Every structure is written in structure tokens, then in C-alpha cells.
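*Asks:* Sending over protein_10.cif (mmCIF, C-alpha atoms; chains and numbers go by the auth columns).
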```
data_query
#
loop_
_atom_site.group_PDB
_atom_site.id
_atom_site.type_symbol
_atom_site.label_atom_id
_atom_site.label_comp_id
_atom_site.label_asym_id
_atom_site.label_seq_id
_atom_site.Cartn_x
_atom_site.Cartn_y
_atom_site.Cartn_z
_atom_site.B_iso_or_equiv
_atom_site.auth_seq_id
_atom_site.auth_asym_id
ATOM 1 C CA MET A 1 -14.580 10.541 3.423 0.00 1 A
ATOM 2 C CA THR A 2 -17.028 13.351 2.753 0.00 2 A
ATOM 3 C CA ALA A 3 -20.775 13.609 2.473 0.00 3 A
ATOM 4 C CA GLY A 4 -20.812 13.379 -1.313 0.00 4 A
ATOM 5 C CA TRP A 5 -18.697 16.311 -2.458 0.00 5 A
ATOM 6 C CA LYS A 6 -15.412 17.913 -1.529 0.00 6 A
ATOM 7 C CA ASN A 7 -14.926 21.631 -1.144 0.00 7 A
ATOM 8 C CA PRO A 8 -11.278 22.307 -2.099 0.00 8 A
ATOM 9 C CA LYS A 9 -11.330 25.589 -0.131 0.00 9 A
ATOM 10 C CA ALA A 10 -12.559 23.970 3.098 0.00 10 A
ATOM 11 C CA PRO A 11 -9.905 23.303 5.766 0.00 11 A
ATOM 12 C CA TYR A 12 -11.598 20.063 6.800 0.00 12 A
ATOM 13 C CA ASP A 13 -12.512 16.711 5.336 0.00 13 A
ATOM 14 C CA PHE A 14 -15.005 14.886 7.563 0.00 14 A
ATOM 15 C CA THR A 15 -18.674 14.140 7.961 0.00 15 A
ATOM 16 C CA GLN A 16 -20.943 15.077 10.862 0.00 16 A
ATOM 17 C CA GLY A 17 -21.137 11.374 11.795 0.00 17 A
ATOM 18 C CA GLU A 18 -17.347 11.102 11.956 0.00 18 A
ATOM 19 C CA TRP A 19 -17.164 14.208 14.145 0.00 19 A
ATOM 20 C CA GLU A 20 -19.814 12.881 16.546 0.00 20 A
ATOM 21 C CA ASP A 21 -18.133 9.441 16.710 0.00 21 A
ATOM 22 C CA TYR A 22 -14.795 11.116 17.444 0.00 22 A
ATOM 23 C CA GLN A 23 -16.214 13.317 20.200 0.00 23 A
ATOM 24 C CA GLU A 24 -18.240 10.511 21.796 0.00 24 A
ATOM 25 C CA LYS A 25 -15.833 7.575 21.654 0.00 25 A
ATOM 26 C CA TYR A 26 -12.324 9.025 21.296 0.00 26 A
ATOM 27 C CA PRO A 27 -12.048 12.428 22.986 0.00 27 A
ATOM 28 C CA ASN A 28 -8.493 11.655 24.136 0.00 28 A
ATOM 29 C CA LEU A 29 -7.153 11.126 20.598 0.00 29 A
ATOM 30 C CA SER A 30 -6.028 13.915 18.341 0.00 30 A
ATOM 31 C CA TRP A 31 -8.061 14.320 15.143 0.00 31 A
ATOM 32 C CA GLY A 32 -5.079 12.968 13.174 0.00 32 A
ATOM 33 C CA GLU A 33 -4.868 9.858 15.372 0.00 33 A
ATOM 34 C CA TYR A 34 -8.611 9.308 14.982 0.00 34 A
ATOM 35 C CA LYS A 35 -8.424 9.569 11.180 0.00 35 A
ATOM 36 C CA GLN A 36 -5.413 7.236 11.126 0.00 36 A
ATOM 37 C CA MET A 37 -7.259 4.704 13.286 0.00 37 A
ATOM 38 C CA LYS A 38 -10.278 4.824 10.965 0.00 38 A
ATOM 39 C CA GLN A 39 -8.145 4.596 7.816 0.00 39 A
ATOM 40 C CA TRP A 40 -6.400 1.477 9.129 0.00 40 A
ATOM 41 C CA ASN A 41 -9.695 -0.124 10.325 0.00 41 A
ATOM 42 C CA VAL A 42 -8.374 -0.545 13.863 0.00 42 A
ATOM 43 C CA GLU A 43 -11.854 -0.985 15.369 0.00 43 A
ATOM 44 C CA GLU A 44 -12.709 -3.724 12.875 0.00 44 A
ATOM 45 C CA ARG A 45 -9.409 -5.496 13.459 0.00 45 A
ATOM 46 C CA MET A 46 -9.818 -5.318 17.235 0.00 46 A
ATOM 47 C CA ALA A 47 -13.334 -6.772 16.972 0.00 47 A
ATOM 48 C CA GLN A 48 -12.102 -9.844 15.121 0.00 48 A
ATOM 49 C CA PRO A 49 -11.624 -12.870 17.356 0.00 49 A
ATOM 50 C CA GLN A 50 -8.010 -13.515 18.229 0.00 50 A
ATOM 51 C CA ALA A 51 -6.362 -16.763 19.222 0.00 51 A
ATOM 52 C CA ASN A 52 -7.985 -17.688 22.514 0.00 52 A
ATOM 53 C CA GLN A 53 -4.946 -17.305 24.709 0.00 53 A
ATOM 54 C CA ASP A 54 -2.788 -14.521 26.040 0.00 54 A
ATOM 55 C CA SER A 55 1.000 -14.241 26.327 0.00 55 A
ATOM 56 C CA ASN A 56 0.931 -16.351 29.505 0.00 56 A
ATOM 57 C CA ASN A 57 -0.917 -19.098 27.591 0.00 57 A
ATOM 58 C CA ARG A 58 -4.093 -18.582 29.625 0.00 58 A
ATOM 59 C CA ALA A 59 -7.233 -19.411 27.680 0.00 59 A
ATOM 60 C CA TYR A 60 -9.934 -16.787 27.115 0.00 60 A
ATOM 61 C CA PRO A 61 -13.104 -16.995 25.043 0.00 61 A
ATOM 62 C CA ALA A 62 -12.198 -16.089 21.467 0.00 62 A
ATOM 63 C CA ASN A 63 -14.961 -13.475 21.213 0.00 63 A
ATOM 64 C CA LYS A 64 -14.297 -11.732 24.554 0.00 64 A
ATOM 65 C CA LYS A 65 -13.647 -8.022 24.078 0.00 65 A
ATOM 66 C CA TYR A 66 -11.691 -6.294 26.821 0.00 66 A
ATOM 67 C CA SER A 67 -11.845 -2.594 27.393 0.00 67 A
ATOM 68 C CA PHE A 68 -8.654 -0.593 27.649 0.00 68 A
ATOM 69 C CA ALA A 69 -9.115 -0.354 31.426 0.00 69 A
ATOM 70 C CA GLU A 70 -9.506 -4.137 31.753 0.00 70 A
ATOM 71 C CA SER A 71 -6.464 -4.756 29.580 0.00 71 A
ATOM 72 C CA TYR A 72 -4.405 -2.238 31.528 0.00 72 A
ATOM 73 C CA ALA A 73 -5.465 -3.809 34.847 0.00 73 A
ATOM 74 C CA LYS A 74 -4.405 -7.246 33.553 0.00 74 A
ATOM 75 C CA GLN A 75 -0.989 -5.859 32.610 0.00 75 A
ATOM 76 C CA MET A 76 -0.531 -4.345 36.037 0.00 76 A
ATOM 77 C CA GLU A 77 -1.246 -7.721 37.653 0.00 77 A
ATOM 78 C CA ALA A 78 2.206 -8.798 36.485 0.00 78 A
ATOM 79 C CA THR A 79 4.931 -8.648 39.113 0.00 79 A
ATOM 80 C CA ASN A 80 6.406 -5.250 38.291 0.00 80 A
ATOM 81 C CA PRO A 81 7.886 -6.077 34.847 0.00 81 A
ATOM 82 C CA VAL A 82 11.174 -4.436 33.885 0.00 82 A
ATOM 83 C CA HIS A 83 9.831 -3.129 30.555 0.00 83 A
ATOM 84 C CA TYR A 84 7.726 -0.575 32.476 0.00 84 A
ATOM 85 C CA HIS A 85 10.702 1.112 34.114 0.00 85 A
ATOM 86 C CA PHE A 86 12.829 3.360 31.913 0.00 86 A
ATOM 87 C CA ASP A 87 14.510 6.680 32.673 0.00 87 A
ATOM 88 C CA ILE A 88 12.291 8.220 29.990 0.00 88 A
ATOM 89 C CA GLU A 89 8.976 6.414 29.741 0.00 89 A
ATOM 90 C CA PRO A 90 7.900 5.750 26.137 0.00 90 A
ATOM 91 C CA PHE A 91 4.418 7.125 26.865 0.00 91 A
ATOM 92 C CA ASP A 92 5.847 10.433 28.106 0.00 92 A
ATOM 93 C CA TYR A 93 8.164 10.730 25.076 0.00 93 A
ATOM 94 C CA ILE A 94 5.326 9.911 22.652 0.00 94 A
ATOM 95 C CA HIS A 95 2.921 12.310 24.340 0.00 95 A
ATOM 96 C CA ASP A 96 5.419 15.174 24.710 0.00 96 A
ATOM 97 C CA ASN A 97 6.373 14.910 21.029 0.00 97 A
ATOM 98 C CA GLN A 98 2.717 14.691 19.907 0.00 98 A
ATOM 99 C CA MET A 99 3.297 11.523 17.917 0.00 99 A
ATOM 100 C CA GLY A 100 0.524 9.685 16.139 0.00 100 A
ATOM 101 C CA PHE A 101 -0.653 6.141 16.778 0.00 101 A
ATOM 102 C CA ALA A 102 1.777 4.369 14.444 0.00 102 A
ATOM 103 C CA GLU A 103 4.821 6.450 15.406 0.00 103 A
ATOM 104 C CA GLY A 104 4.035 5.859 19.068 0.00 104 A
ATOM 105 C CA ASN A 105 3.864 2.114 18.581 0.00 105 A
ATOM 106 C CA VAL A 106 7.230 2.118 16.804 0.00 106 A
ATOM 107 C CA ILE A 107 8.767 3.897 19.823 0.00 107 A
ATOM 108 C CA LYS A 108 7.045 1.536 22.257 0.00 108 A
ATOM 109 C CA TYR A 109 8.143 -1.677 20.555 0.00 109 A
ATOM 110 C CA ILE A 110 11.699 -0.507 19.858 0.00 110 A
ATOM 111 C CA THR A 111 12.111 0.600 23.475 0.00 111 A
ATOM 112 C CA ARG A 112 10.927 -2.622 25.091 0.00 112 A
ATOM 113 C CA TRP A 113 12.046 -5.338 22.661 0.00 113 A
ATOM 114 C CA ARG A 114 15.036 -6.488 24.741 0.00 114 A
ATOM 115 C CA TYR A 115 12.931 -6.743 27.906 0.00 115 A
ATOM 116 C CA LYS A 116 9.620 -8.177 26.768 0.00 116 A
ATOM 117 C CA ASP A 117 8.957 -10.113 23.552 0.00 117 A
ATOM 118 C CA GLY A 118 12.346 -9.916 21.804 0.00 118 A
ATOM 119 C CA ILE A 119 12.278 -10.340 18.039 0.00 119 A
ATOM 120 C CA LYS A 120 8.440 -10.316 18.016 0.00 120 A
ATOM 121 C CA ASP A 121 8.496 -6.697 19.177 0.00 121 A
ATOM 122 C CA LEU A 122 10.971 -5.815 16.424 0.00 122 A
ATOM 123 C CA TYR A 123 8.644 -7.338 13.835 0.00 123 A
ATOM 124 C CA LYS A 124 5.747 -5.325 15.292 0.00 124 A
ATOM 125 C CA ALA A 125 7.805 -2.116 15.062 0.00 125 A
ATOM 126 C CA LYS A 126 8.731 -2.992 11.469 0.00 126 A
ATOM 127 C CA GLN A 127 5.056 -3.547 10.644 0.00 127 A
ATOM 128 C CA TYR A 128 4.172 -0.039 11.857 0.00 128 A
ATOM 129 C CA ILE A 129 7.137 1.452 9.987 0.00 129 A
ATOM 130 C CA ASP A 130 5.955 -0.308 6.815 0.00 130 A
ATOM 131 C CA MET A 131 2.453 1.137 7.374 0.00 131 A
ATOM 132 C CA LEU A 132 3.898 4.635 7.751 0.00 132 A
ATOM 133 C CA ILE A 133 5.979 4.264 4.586 0.00 133 A
ATOM 134 C CA ALA A 134 2.969 2.996 2.626 0.00 134 A
ATOM 135 C CA LYS A 135 0.825 5.874 3.890 0.00 135 A
ATOM 136 C CA GLU A 136 3.493 8.447 2.994 0.00 136 A
ATOM 137 C CA LEU A 137 3.816 7.013 -0.519 0.00 137 A
ATOM 138 C CA VAL A 138 0.043 7.204 -0.992 0.00 138 A
ATOM 139 C CA ASP A 139 -0.097 10.741 0.452 0.00 139 A
ATOM 140 C CA ASP A 140 2.760 11.882 -1.813 0.00 140 A
ATOM 141 C CA ASN A 141 0.915 10.573 -4.883 0.00 141 A
ATOM 142 C CA THR A 142 -2.343 12.355 -3.962 0.00 142 A
ATOM 143 C CA LYS A 143 -0.843 15.822 -3.421 0.00 143 A
ATOM 144 C CA TRP A 144 -1.734 18.427 -6.034 0.00 144 A
#
```
Would you encode the structure as C-alpha cells?
*Replies:*
Amino acid sequence: MTAGWKNPKAPYDFTQGEWEDYQEKYPNLSWGEYKQMKQWNVEERMAQPQANQDSNNRAYPANKKYSFAESYAKQMEATNPVHYHFDIEPFDYIHDNQMGFAEGNVIKYITRWRYKDGIKDLYKAKQYIDMLIAKELVDDNTKW
């Protein structure tokens, strides 16, 4: 999304507002991850109320928004789950290979599916693979 016109010789495609939002809210993401998150409306989807229960069937207010830190703390309350202990941690593999958001989620769900949510994790991985395929098909059609 540009500010009204596109300079084909410019090595960038963003507005000042996007750049400020990226620097303020998401300094830990790569620019590619940020653009991917915006393209897929992740913020909007996360803001939508979810079913008012978690995986342990505990009720929460439907409009409660948890920060990443709160969510991570809740996960760590579990009694040392097996899906957090691999010889090569998915996070380290994803980070070391500079993978984007969707690729990272595919790795995460494929790695843990036997130990956490079973077939549900495979469906989640498939959903991200389908998103990547759709994005590649769109990108291939828009190349000059």
C-alpha cells in the first residue's frame, strides 16, 4: 500500500504510517513478517472475540485480550509439557533459518502435533501451507 502512487524505481513499498507502526509496535519482527501480518489482517483477527474458553475448558470473557507476555506466562503454568522439549527447539530452528510467520507456524505445528493437539495441529499446519501457496500464486501472477 503506497501513499497514492508507486515509484517503480524505488526499492520500497510502504507509507510513513506503516513504517512508524512497525517501529513502534513490532520492532522484533522482520519487515517481511510485518508486511505478511498486515496482509493477512492478523491484528484484526486477533481482536475478534473467540470462544470464551481455553484448551483446558476454563472460561474467560469473550472480549478479553491477552498480551503475548500474559499468554506465554499462562503456557508456562502447565506442568512442564513434553511438547516444549525437543533436541532442536522449533523456535531456534525458525529463528536461525530466518523464516517468516507462516513458515514458522508450519514448523511449530508439524513438530508438536503428536505431543499436543494431534490432528488439530496438522490442520493448522495445512492452513498455513494453503496460505503460503495462495500467496505464492498471487505473487507469481503480479510479477512483471
*Asks:* List the residues matched by the PyMOL selection byres ((chain A and resi 121) around 10) in the displayed structure as an MDAnalysis selection string, ordered by chain and then by residue number.
*Replies:* chainID A and resid 105:106 108:120 122:127
*Asks:* Could you give me, as JSON, numbers by chain, the residues within 9 Å of Glu103 (chain A), counting only C-alpha atoms and dropping anything in the same chain fewer than 6 positions from it?
*Replies:* {"A": [94, 128, 129, 132]}
*Asks:* Between CA of Thr142 (chain A) and CA of Asp130 (chain A), what is the spacing in Å?
*Replies:* 18.6 Å
*Asks:* Using only C-alpha atoms, which of A:Pro90, A:His95, A:Gly17, A:Ala102 sits nearest Ile133 (chain A)?
*Replies:* A:Ala102
*Asks:* One decimal, Å: what's the distance from CA of Ser30 (chain A) over to CA of Asn97 (chain A), could you say?
*Replies:*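 So the answer is 12.7 Å.
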*Asks:* Mind pulling up the distance from CA of Asp139 (chain A) to CA of Asn41 (chain A)?
*Replies:*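 Computing the Euclidean distance for CA of Asn41 (chain A) and CA of Asp139 (chain A) yields 17.5 Å.
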*Asks:* So which one's closest to Ile88 (chain A), A:Ile107, A:Ala47, A:Met37, A:Met131? Using all atoms listed in the file, please.
*Replies:*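 Among A:Ile107, A:Ala47, A:Met37, A:Met131, it is A:Ile107 that comes nearest to Ile88 (chain A).
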*Asks:* Provide an axis-aligned box for all listed atoms of region 87-92 of chain A, padding each side by 8 Å; report its centre and its edge lengths in Å to one decimal, as lines of an AutoDock Vina configuration file.
*Replies:*
```
center_x = 9.5
center_y = 8.1
center_z = 29.4
size_x = 26.1
size_y = 20.7
size_z = 22.5
```
